[in-house]
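A.B. asks: So here's coords.cif, just mmCIF, C-alpha atoms and all ligand atoms:
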```
data_model
loop_
_atom_site.label_atom_id
_atom_site.label_comp_id
_atom_site.auth_asym_id
_atom_site.auth_seq_id
_atom_site.Cartn_x
_atom_site.Cartn_y
_atom_site.Cartn_z
CA MET A 1 15.85 -25.52 11.58
CA ALA A 2 12.86 -27.74 10.77
CA ILE A 3 9.64 -25.83 10.56
CA ASN A 4 6.43 -27.49 9.38
CA ARG A 5 4.64 -26.20 6.38
CA SER A 6 0.91 -25.76 6.77
CA SER A 7 -1.48 -24.38 4.22
CA SER A 8 -3.96 -23.30 6.90
CA HIS A 9 -1.64 -20.49 7.94
CA LYS A 10 -0.92 -19.16 4.49
CA THR A 11 -1.59 -15.49 4.06
CA LYS A 12 -5.20 -15.31 2.92
CA LYS A 13 -6.58 -12.31 1.15
CA SER A 14 -9.05 -10.55 3.35
CA VAL A 15 -11.27 -7.62 2.62
CA GLN A 16 -9.34 -4.40 3.13
CA THR A 17 -11.71 -2.29 5.16
CA ALA A 18 -11.96 1.41 4.54
CA GLN A 19 -11.35 2.16 8.20
CA THR A 20 -8.02 3.36 9.54
CA GLU A 21 -7.99 0.72 12.25
CA LEU A 22 -4.78 -1.32 12.28
CA LEU A 23 -4.97 -4.77 10.75
CA VAL A 24 -3.53 -7.67 12.67
CA TYR A 25 -2.43 -10.94 11.11
CA LEU A 26 -4.14 -13.70 13.07
CA ASN A 27 -3.79 -17.33 11.99
CA GLY A 28 -3.66 -16.49 8.30
CA GLU A 29 -6.31 -13.76 8.29
CA PHE A 30 -6.01 -9.99 8.50
CA VAL A 31 -8.45 -8.71 11.08
CA PRO A 32 -9.06 -5.22 12.46
CA LYS A 33 -7.37 -4.56 15.79
CA SER A 34 -10.69 -4.51 17.67
CA GLU A 35 -11.51 -8.01 16.38
CA ALA A 36 -8.05 -9.50 16.85
CA LYS A 37 -8.80 -11.80 19.77
CA VAL A 38 -7.51 -15.10 21.09
CA SER A 39 -9.23 -17.69 23.26
CA VAL A 40 -9.04 -17.61 27.06
CA PHE A 41 -8.00 -21.27 26.69
CA ASP A 42 -4.89 -20.34 24.72
CA HIS A 43 -1.86 -21.61 26.62
CA GLY A 44 0.02 -18.48 25.64
CA LEU A 45 -2.38 -16.64 27.92
CA LEU A 46 -2.90 -19.37 30.54
CA TYR A 47 0.77 -20.22 31.00
CA GLY A 48 2.94 -17.86 28.98
CA ASP A 49 3.58 -20.87 26.79
CA GLY A 50 4.84 -19.45 23.52
CA VAL A 51 7.55 -17.45 21.83
CA PHE A 52 7.81 -14.02 20.29
CA GLU A 53 9.99 -11.52 18.47
CA GLY A 54 10.16 -7.75 18.30
CA ILE A 55 11.32 -6.52 14.90
CA ARG A 56 11.60 -3.09 13.37
CA SER A 57 11.26 -1.60 9.95
CA TYR A 58 12.98 1.60 8.90
CA ASN A 59 11.76 3.45 5.85
CA CYS A 60 10.37 0.26 4.28
CA LEU A 61 13.39 -1.87 5.21
CA VAL A 62 12.79 -4.71 7.67
CA PHE A 63 15.91 -4.77 9.82
CA LYS A 64 17.64 -8.12 10.48
CA LEU A 65 14.55 -10.14 9.57
CA LYS A 66 16.49 -13.36 8.99
CA GLU A 67 18.17 -13.08 12.40
CA HIS A 68 14.85 -12.48 14.18
CA LEU A 69 13.18 -15.39 12.41
CA MET A 70 16.11 -17.62 13.31
CA ARG A 71 15.91 -16.63 16.97
CA LEU A 72 12.16 -17.27 16.93
CA ALA A 73 12.72 -20.70 15.39
CA GLU A 74 15.41 -21.50 17.95
CA SER A 75 13.25 -20.42 20.91
CA ALA A 76 10.38 -22.52 19.50
CA HIS A 77 12.65 -25.53 18.95
CA THR A 78 13.86 -25.44 22.55
CA ILE A 79 10.33 -25.32 23.99
CA MET A 80 9.31 -28.04 21.49
CA LEU A 81 6.78 -25.84 19.74
CA GLN A 82 6.53 -26.59 16.04
CA LEU A 83 6.10 -23.39 14.12
CA PRO A 84 3.22 -23.86 11.68
CA LEU A 85 4.87 -21.56 9.12
CA THR A 86 8.27 -21.68 7.50
CA GLY A 87 10.62 -18.78 8.03
CA GLU A 88 9.81 -17.66 4.51
CA GLN A 89 6.06 -17.78 5.12
CA LEU A 90 6.48 -15.85 8.37
CA GLY A 91 8.62 -13.27 6.59
CA ASP A 92 5.97 -12.90 3.88
CA ALA A 93 3.24 -12.51 6.50
CA ILE A 94 5.28 -9.83 8.30
CA VAL A 95 5.82 -7.85 5.10
CA GLU A 96 2.17 -8.23 4.11
CA THR A 97 1.05 -6.96 7.52
CA LEU A 98 3.32 -3.92 7.16
CA LYS A 99 2.00 -3.24 3.67
CA ARG A 100 -1.65 -3.55 4.59
CA ASN A 101 -1.10 -1.07 7.38
CA ARG A 102 0.91 1.21 5.11
CA LEU A 103 3.71 1.45 7.65
CA ARG A 104 7.16 2.66 6.63
CA ASP A 105 8.65 2.86 10.10
CA ALA A 106 7.20 0.32 12.41
CA TYR A 107 7.58 -2.03 15.32
CA VAL A 108 6.56 -5.59 14.49
CA ARG A 109 5.52 -8.09 17.14
CA VAL A 110 5.42 -11.72 16.04
CA VAL A 111 3.86 -14.13 18.53
CA VAL A 112 3.42 -17.89 18.33
CA THR A 113 1.63 -19.50 21.25
CA ARG A 114 1.13 -23.17 22.04
CA GLY A 115 -2.50 -22.60 21.06
CA VAL A 116 -5.88 -23.47 22.52
CA GLY A 117 -5.92 -26.40 24.92
CA ASP A 118 -7.55 -27.56 28.13
CA LEU A 119 -6.70 -26.29 31.61
CA GLY A 120 -3.85 -28.74 32.22
CA LEU A 121 -0.23 -27.79 31.67
CA ASP A 122 0.33 -30.51 29.10
CA PRO A 123 0.92 -28.87 25.71
CA ALA A 124 -0.37 -32.06 24.09
CA SER A 125 -3.92 -30.75 24.56
CA CYS A 126 -3.10 -27.84 22.25
CA LYS A 127 -3.86 -28.89 18.72
CA ALA A 128 -2.54 -25.93 16.74
CA PRO A 129 -0.32 -22.96 17.60
CA THR A 130 -1.81 -19.48 17.48
CA VAL A 131 0.16 -17.10 15.27
CA PHE A 132 -0.31 -13.37 15.25
CA ILE A 133 1.60 -10.38 13.94
CA ILE A 134 1.01 -6.86 15.16
CA THR A 135 2.61 -3.95 13.35
CA ASP A 136 2.33 -0.51 14.81
CA LYS A 137 4.03 2.84 15.00
CA ILE A 138 7.12 2.71 17.11
CA ILE A 139 7.03 4.32 20.55
CA LEU A 140 10.44 5.78 21.24
CA TYR A 141 12.32 6.84 24.31
CA PRO A 142 12.37 10.64 24.59
CA GLU A 143 14.90 12.27 22.26
CA SER A 144 16.70 13.74 25.30
CA PHE A 145 17.80 10.21 26.34
CA TYR A 146 19.76 9.89 23.10
CA ARG A 147 21.23 13.38 23.39
CA ASN A 148 22.00 13.46 27.12
CA GLY A 149 21.97 9.81 28.13
CA MET A 150 19.79 7.97 30.59
CA ASP A 151 19.98 7.07 34.20
CA ILE A 152 19.32 3.46 35.27
CA ILE A 153 19.05 1.58 38.55
CA THR A 154 19.89 -1.95 39.68
CA VAL A 155 16.81 -3.75 40.99
CA PRO A 156 16.49 -6.54 43.57
CA THR A 157 14.84 -9.04 41.21
CA VAL A 158 17.62 -11.11 39.66
CA ARG A 159 17.52 -12.38 36.09
CA ASN A 160 16.04 -15.85 35.62
CA LEU A 161 18.46 -18.73 36.16
CA PRO A 162 19.60 -20.03 32.77
CA GLU A 163 18.97 -23.54 34.15
CA ALA A 164 15.33 -22.61 34.90
CA ILE A 165 13.92 -20.32 32.21
CA ASN A 166 16.91 -19.46 30.05
CA PRO A 167 16.99 -15.72 29.29
CA ALA A 168 18.36 -16.68 25.87
CA LEU A 169 14.82 -17.79 24.98
CA LYS A 170 12.37 -15.14 23.92
CA THR A 171 9.30 -16.72 25.44
CA LEU A 172 6.01 -15.24 26.57
CA ASN A 173 7.21 -15.76 30.15
CA TYR A 174 8.34 -12.17 30.75
CA LEU A 175 7.29 -11.77 34.38
CA ASN A 176 10.94 -11.74 35.49
CA ASN A 177 11.54 -8.64 33.38
CA ILE A 178 8.19 -7.11 34.32
CA MET A 179 8.99 -7.42 38.05
CA ALA A 180 12.28 -5.64 37.42
CA LYS A 181 10.52 -2.94 35.39
CA ILE A 182 8.01 -2.37 38.20
CA GLU A 183 10.85 -2.02 40.70
CA ALA A 184 12.62 0.51 38.49
CA LYS A 185 9.42 2.49 38.00
CA ASN A 186 8.73 2.42 41.75
CA SER A 187 11.96 4.37 42.08
CA ASN A 188 11.13 6.64 39.14
CA TYR A 189 13.54 5.05 36.65
CA ARG A 190 12.63 4.01 33.14
CA GLU A 191 14.95 1.03 32.86
CA ALA A 192 16.37 -1.49 35.33
CA LEU A 193 19.76 -3.16 35.42
CA MET A 194 19.38 -6.84 36.27
CA LEU A 195 22.12 -8.96 37.83
CA ASN A 196 22.22 -12.72 37.66
CA HIS A 197 21.93 -14.97 40.72
CA GLN A 198 25.72 -14.69 41.27
CA GLY A 199 25.61 -10.91 41.28
CA TYR A 200 27.15 -10.44 37.83
CA VAL A 201 25.67 -7.97 35.38
CA ALA A 202 23.18 -9.69 33.05
CA GLU A 203 21.14 -7.17 31.06
CA CYS A 204 18.27 -4.71 31.39
CA THR A 205 14.57 -5.57 31.22
CA GLY A 206 14.35 -5.15 27.46
CA ASP A 207 17.88 -4.21 26.41
CA ASN A 208 21.43 -5.53 26.51
CA ILE A 209 24.09 -3.50 28.29
CA PHE A 210 27.55 -2.45 27.13
CA ILE A 211 30.38 -0.49 28.67
CA VAL A 212 33.47 1.06 27.15
CA LYS A 213 36.68 0.95 29.19
CA ASN A 214 40.08 2.06 27.87
CA GLY A 215 38.73 2.03 24.33
CA ILE A 216 37.37 -1.53 24.56
CA VAL A 217 33.65 -2.17 24.08
CA GLN A 218 32.49 -4.81 26.57
CA THR A 219 29.26 -6.69 27.17
CA PRO A 220 28.43 -9.64 29.43
CA PRO A 221 28.48 -13.10 27.84
CA THR A 222 24.92 -14.29 27.34
CA TYR A 223 25.47 -17.50 29.35
CA LEU A 224 25.38 -15.31 32.45
CA GLY A 225 21.68 -14.73 31.76
CA ALA A 226 21.00 -12.42 28.84
CA LEU A 227 19.18 -12.55 25.55
CA ARG A 228 21.41 -12.82 22.48
CA GLY A 229 20.26 -9.43 21.35
CA ILE A 230 20.22 -8.82 17.64
CA THR A 231 21.12 -5.17 18.19
CA ARG A 232 23.89 -6.37 20.54
CA GLN A 233 25.34 -8.48 17.73
CA ALA A 234 24.94 -5.66 15.21
CA ILE A 235 26.92 -3.38 17.54
CA MET A 236 29.69 -5.93 17.96
CA ASP A 237 29.85 -6.31 14.16
CA LEU A 238 29.94 -2.53 13.73
CA ALA A 239 32.69 -2.21 16.35
CA LEU A 240 34.77 -4.72 14.40
CA ARG A 241 34.16 -2.90 11.13
CA ASN A 242 35.18 0.40 12.73
CA ASP A 243 38.37 -0.99 14.30
CA ILE A 244 36.99 -0.64 17.80
CA PRO A 245 38.00 -3.64 19.92
CA SER A 246 35.09 -5.42 21.57
CA GLN A 247 34.77 -8.37 23.90
CA GLU A 248 32.35 -10.37 25.98
CA ARG A 249 33.40 -10.02 29.61
CA VAL A 250 32.02 -10.95 32.99
CA LEU A 251 31.11 -7.60 34.51
CA THR A 252 30.28 -6.48 38.03
CA ARG A 253 28.53 -3.29 39.09
CA HIS A 254 31.98 -2.02 40.11
CA ASP A 255 33.10 -2.40 36.47
CA LEU A 256 30.03 -0.47 35.33
CA PHE A 257 30.47 2.33 37.85
CA ASN A 258 34.08 2.82 36.71
CA ALA A 259 33.48 2.51 32.98
CA ASP A 260 34.34 5.39 30.66
CA GLU A 261 31.05 5.00 28.79
CA ALA A 262 27.93 2.85 28.91
CA PHE A 263 25.00 2.22 26.60
CA LEU A 264 22.03 -0.08 26.07
CA THR A 265 20.99 -1.83 22.88
CA GLY A 266 17.65 -3.21 21.76
CA THR A 267 15.31 -3.30 18.80
CA ALA A 268 13.03 -0.65 20.28
CA ALA A 269 15.68 1.43 22.09
CA GLU A 270 18.33 1.06 19.35
CA VAL A 271 21.52 2.40 21.01
CA VAL A 272 20.91 4.63 24.00
CA PRO A 273 23.71 6.12 26.11
CA VAL A 274 23.71 5.55 29.88
CA VAL A 275 25.32 8.27 31.96
CA LYS A 276 24.43 7.27 35.51
CA ILE A 277 23.98 3.90 37.21
CA ASP A 278 22.75 3.64 40.81
CA GLY A 279 23.63 7.29 41.35
CA ARG A 280 27.22 6.88 40.09
CA LYS A 281 28.26 9.08 37.21
CA ILE A 282 29.66 7.09 34.29
CA GLY A 283 32.76 8.66 32.75
CA THR A 284 32.18 12.35 32.14
CA GLY A 285 28.44 12.00 32.74
CA LYS A 286 27.80 12.67 29.05
CA PRO A 287 27.34 10.23 26.15
CA GLY A 288 30.83 9.00 25.27
CA LYS A 289 32.73 9.31 22.01
CA ILE A 290 32.68 5.61 21.13
CA THR A 291 29.00 5.37 22.08
CA ARG A 292 28.20 8.26 19.75
CA LYS A 293 30.22 6.72 16.97
CA LEU A 294 28.40 3.40 17.33
CA MET A 295 25.02 5.17 17.55
CA SER A 296 25.68 6.87 14.24
CA ALA A 297 27.08 3.69 12.61
CA PHE A 298 23.95 1.86 13.75
CA GLN A 299 21.69 4.54 12.33
CA ASP A 300 23.51 4.27 8.99
CA LEU A 301 23.10 0.51 9.03
CA THR A 302 19.34 0.71 9.57
CA ARG A 303 19.10 3.05 6.58
CA ARG A 304 20.73 0.65 4.14
CA ASP A 305 20.45 -2.88 5.52
CA GLY A 306 17.22 -4.85 5.49
CA LEU A 307 14.49 -6.51 3.47
CA ARG A 308 12.87 -3.91 1.23
CA TYR A 309 9.10 -3.69 0.70
CA THR A 310 7.03 -1.18 -1.18
CA LEU A 311 3.79 0.40 -0.09
N1 LIG A 401 17.15 -8.31 26.45
C1 LIG A 401 15.84 -8.53 26.60
C2 LIG A 401 15.36 -9.15 27.85
C3 LIG A 401 14.94 -8.16 25.59
O1 LIG A 401 13.64 -8.38 25.74
C4 LIG A 401 15.44 -7.52 24.44
C5 LIG A 401 14.49 -7.04 23.38
N2 LIG A 401 14.06 -8.05 22.55
C6 LIG A 401 16.81 -7.33 24.32
C7 LIG A 401 17.64 -7.73 25.34
C8 LIG A 401 17.39 -6.71 23.07
O2 LIG A 401 17.34 -7.64 22.03
P1 LIG A 401 17.21 -7.18 20.51
O3 LIG A 401 18.37 -6.33 20.24
O4 LIG A 401 17.24 -8.46 19.76
O5 LIG A 401 15.93 -6.47 20.40
#
```
Let me see whether you can do it: turn the structure in this file into structure tokens.
C.D. replies:
Amino acid sequence: MAINRSSSHKTKKSVQTAQTELLVYLNGEFVPKSEAKVSVFDHGLLYGDGVFEGIRSYNCLVFKLKEHLMRLAESAHTIMLQLPLTGEQLGDAIVETLKRNRLRDAYVRVVVTRGVGDLGLDPASCKAPTVFIITDKIILYPESFYRNGMDIITVPTVRNLPEAINPALKTLNYLNNIMAKIEAKNSNYREALMLNHQGYVAECTGDNIFIVKNGIVQTPPTYLGALRGITRQAIMDLALRNDIPSQERVLTRHDLFNADEAFLTGTAAEVVPVVKIDGRKIGTGKPGKITRKLMSAFQDLTRRDGLRYTL
């Protein structure tokens, strides 16, 4: 993946303030959160024109950094946005942001927008992309969700058509997911199941979905309208390593309702069991055996796999 090198975005040393305010990487500088601002003419803000990644660090190990940087580069390539930093430079900036904020366990948001331009849609008016990295403490789902499972609901908003805004791209255009989230919350649910325009299961607003049926772990193929989740891939790899058969399969709500187990995967959520969908109990109504096995295998993986940094 070709990414331009640019010295202007190199990590510059900035004065480490005595305050406890979080430092944000913004176009090569580290600025306190309250001063981390972008222009109202930034096309990321005006049009959602940009790409992003959500990454996590566990006890000073950045999990699947290479995979996240690759997905960022691929999303940028498809929208014809030239990243002003190489993958290596971005990785260094991420680690430096974590270190400056003295964060062991963190959520990392990397954003690259088209940059400041005029009011027209044409990205040609944007001279340089805006790059920022926010690292913060991770906000988790309640512990009870992991112990007892969660309850999700299908919402009317369907997942974006892959031929329109492909859900495989992690762009700043997240209104499709936000609409679904609002609909779930209107019905007092924390997460929404989204179908594609044909009525097949796609994914949730910020997580991929899996079921287990007759001992086989199944998840919808991403061409139906889902992000190629990095946690999703990690789970499929772990299933393979643990001799649990897994497959990509076109799934309907009927398949979900009659599954033995279900769970969601995502960088923030990790692996969270689902025990009810649209009021239908899944399996026994408790987190399943294979789900629990994969949850624990995933936890082990996050403890040993990743790019190490020291504080
Ligand atoms: N689907 C969507 C729509 C997402 O936003 C996310 C979170 N990035 C996921 C799935 C899960 O992907 P990952 O495991 O790479 O975080």
A.B. asks: At a cut-off of 8 Å, using only C-alpha atoms, what residues contact segment 156-171 of chain A? Leave out same-chain residues fewer than 3 positions from it and give the result as a PyMOL selection string.
C.D. replies: chain A and resi 48-53+71-72+74-75+174+176-177+179-180+183+194-197+202+222-228
A.B. asks: Between chain A and ligand LIG 401 (chain A), at 6 Å or less, what are the per-residue closest atom pairs and their distances in Å? Count all atoms listed in the file, order by chain and rising residue number, and return it as CSV.
C.D. replies:
```
residue,atom,partner,partner_atom,distance
A:Gly54,CA,A:LIG401,N2,5.8
A:Thr205,CA,A:LIG401,C2,5.0
A:Gly206,CA,A:LIG401,C3,3.6
A:Asp207,CA,A:LIG401,C7,3.7
A:Asn208,CA,A:LIG401,C7,4.5
A:Leu227,CA,A:LIG401,N1,4.8
A:Gly229,CA,A:LIG401,O2,3.5
A:Ile230,CA,A:LIG401,O4,3.7
A:Thr231,CA,A:LIG401,O3,3.6
A:Arg232,CA,A:LIG401,O3,5.5
A:Thr265,CA,A:LIG401,O3,5.8
A:Gly266,CA,A:LIG401,O3,3.5
A:Thr267,CA,A:LIG401,O5,3.6
```
A.B. asks: Grab the atom CA of Glu248 of chain A to atom CA of Pro221 of chain A distance for me, in Å with one decimal place.
C.D. replies: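 Separation of atom CA of Glu248 of chain A and atom CA of Pro221 of chain A: 5.1 Å.
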A.B. asks: Please report the interatomic distance between atom CA of Asp151 of chain A and atom CA of Leu193 of chain A in Å with one decimal.
C.D. replies: 10.3 Å
A.B. asks: Go through A:Asp300, A:Asp136, A:Glu203, A:Glu191 one by one, measure the shortest atom-to-atom distance of each to Leu238 of chain A using only C-alpha atoms, and give the residue with the smallest value.
C.D. replies: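 Using only C-alpha atoms, Leu238 of chain A sits closest to A:Asp300.
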A.B. asks: Quick one, how far is atom CA of Leu65 of chain A from atom CA of Val272 of chain A?
C.D. replies: 21.6 Å
A.B. asks: Given the choices A:Glu143, A:Glu96, A:Asp243, A:Glu21, which gets closest to Cys60 of chain A if the distance is worked out from all atoms listed in the file?
C.D. replies: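 Going through A:Glu143, A:Glu96, A:Asp243, A:Glu21 one by one, the smallest distance to Cys60 of chain A is for A:Glu96.
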A.B. asks: Which residue, A:Gly285, A:Met150, A:Ser187, A:Ala234, has the smallest gap to Leu264 of chain A when you use all atoms listed in the file?
C.D. replies: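 That would be A:Met150, the residue with the smallest distance to Leu264 of chain A.
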A.B. asks: Pick the closest to Asp105 of chain A from A:Tyr141, A:Phe257, A:Tyr146, A:Phe63: which is it, counting all atoms listed in the file?
C.D. replies: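 The closest residue to Asp105 of chain A is A:Phe63.
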A.B. asks: Enumerate, as a PyMOL selection string, the protein, DNA and RNA residues whose atoms approach (7.7, -25.4, 17.5) to within 10 Å, taking into account all atoms listed in the file and the coordinate frame of the file.
C.D. replies: chain A and resi 2-4+50-51+72-85+112-114+129
A.B. asks: Excluding same-chain residues fewer than 3 positions from Asn148 of chain A, what lies within 8 Å of it counting all atoms listed in the file, as a compact mmCIF listing (two decimals) with C-alpha atoms, keeping the file's coordinate frame?
C.D. replies:
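Contents of out10.txt, as written:
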```txt
# COMPACT_ATOMS: atom_id res chain seq x y z
CA SER A 144 16.70 13.74 25.30
CA PHE A 145 17.80 10.21 26.34
CA PRO A 273 23.71 6.12 26.11
CA VAL A 275 25.32 8.27 31.96
CA LYS A 286 27.80 12.67 29.05
CA PRO A 287 27.34 10.23 26.15
```
A.B. asks: Using only C-alpha atoms, what residues lie at most 7 Å away from (30.2, 3.1, 26.9) (file coordinates), given as a PyMOL selection string?
C.D. replies: chain A and resi 210-212+217+259-263+288+290-291
